[in-house]
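Reviewing the structure listed below.
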Amino acid sequence: MSLEKFAPDFEGAEICPSPNFGPRKDDRAIDMLLLHYTGMDSGEGAQDWLCNEESQVSSHYIVHEDGRVVQMVRETDRAWHAGNSFWKGEEDTNSRSIGVEIVNGGHPASLPDYPESQMAAVVRLCQSILSRHSIPAAHVLAHSDVAPVRKLDPGENFDWKLLAQAGVGHWTEPTAISGGRYFSEGDTGQPIEALQAMFRLYGYRIEVDGVFDAQTKGVVEAFQRHFRPQRVDGVADMSTIDTLHRLLSAVT
């Protein structure tokens, strides 16, 4: 692939061309925006890795802690950022998405906060991307949404509410955590099947078999990280279920 410099799609972005890209399969239209954290010790180290042929990974953009935005792959090209992933019945997430890496040390250490300057830059970048592509609000997603269990980013400290207030993404104020009935790993039966069907309808990869297994727990955790970050425990309590139900009501 050619590594000559290209004009940035986002005004003001620096350019660091990555060799790790290809054509979008079947000229797939872009209808998803995926947000990641870098999970590395430094932003410069993460950027170097994403622009290194040896890594075999890339992203369209990286947003540094000071708000600096660097573009590595043209939006028209297919960056290699999502890996083994799934949303709404499709597995080739890379062919339908724009990927944004956000510099943050991530898990398993204590998840750092995202600085205000960085979040402001993420908002501006996402707004710009949405102005160029027909991406539904419910298709602005976390890496962990499309790859539950395997991925945790951008994590429970990421401010999805701030993005939604700026017109980016799907959000509802999470239902308050309280007592009542809940479901957890090992439970079985029709209520579990109904819960799985709701997650499947929203877009997650999950088997609708009435068994609350490790994959179901991972999907619950991914949902909580994005939409109910006050407690991420993989337990489908009434707060989690009601928040999911209200999100579904807004898109179906």
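Starting from 1 in every chain, residues are counted up; chains themselves are A, B, ... following the order of the structure tokens, and ligands are numbered from 1 as listed.
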
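Backbone DSSP of region 25-69 of chain A yields strand (DSSP E or B) at A:Met32, A:Leu33, A:Leu34, A:Leu35, A:His36, A:Tyr37, A:Tyr61, A:Ile62, A:Val63, A:Val69.
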
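The protein and nucleic acid residues lying at most 12 Å from Ala29 (chain A) are Pro23, Glu75, Thr76, Asp77, Arg78, Thr93, Asn94, Ser95, Arg96, Ser97, Ile98, Arg132, His133, Ser134 and Ile135 of chain A, with only C-alpha atoms considered and sequence neighbours fewer than 6 positions away removed.
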
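Closest approach to Leu201 (chain A) among A:Val251, A:Val122, A:Val70, A:Met40 is made by A:Val251 (distances from only C-alpha atoms).
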
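A straight line drawn from CA of His107 (chain A) to CA of Lys161 (chain A) is 20.9 Å long.
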
* Apply DSSP to the backbone of this structure and, from region 120-176 of chain A, keep only the residues in alpha helix (DSSP H); write these as an NGL selection string. => :A and (120-132 or 143-146 or 160-165)

Those residues with C-alpha atoms, as a compact mmCIF listing (two decimals), in the first residue's frame please?
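And here's again_34.txt as it stands now:
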```txt
# COMPACT_ATOMS: atom_id res chain seq x y z
CA ALA A 120 -13.43 17.87 23.70
CA ALA A 121 -11.25 16.79 20.78
CA VAL A 122 -13.03 13.41 20.60
CA VAL A 123 -16.38 15.22 20.44
CA ARG A 124 -15.23 17.51 17.62
CA LEU A 125 -13.73 14.61 15.67
CA CYS A 126 -16.84 12.45 16.04
CA GLN A 127 -19.11 15.32 15.00
CA SER A 128 -16.94 15.80 11.91
CA ILE A 129 -17.07 12.10 11.03
CA LEU A 130 -20.85 12.00 11.43
CA SER A 131 -21.18 15.00 9.11
CA ARG A 132 -19.58 12.95 6.32
CA HIS A 143 -14.83 -1.73 20.97
CA SER A 144 -16.17 -3.75 23.90
CA ASP A 145 -19.70 -3.61 22.43
CA VAL A 146 -18.62 -5.38 19.24
CA TRP A 160 -20.62 8.62 26.61
CA LYS A 161 -23.16 11.05 28.07
CA LEU A 162 -20.99 14.01 27.06
CA LEU A 163 -20.87 12.72 23.49
CA ALA A 164 -24.63 12.21 23.38
CA GLN A 165 -25.22 15.74 24.64
```

* Structure fact -> If you count only C-alpha atoms, the residue of A:Ser249, A:Ser18, A:Asn84, A:Ser184 closest to Ile62 (chain A) turns out to be A:Ser18

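Residues lying within 10 Å of His36 (chain A), counting only C-alpha atoms and ignoring same-chain neighbours fewer than 4 positions away, are A:Ser59, A:Ile62, A:His81, A:Ala82, A:Gly99, A:Val100, A:Glu101, A:Ile102, A:Val103, A:Asn104, A:Gly106, A:Leu141, A:Ala142, A:His143, A:Ser144, A:Lys151, A:Leu152, A:Asp153, A:Pro154, A:Gly155, A:Phe158.
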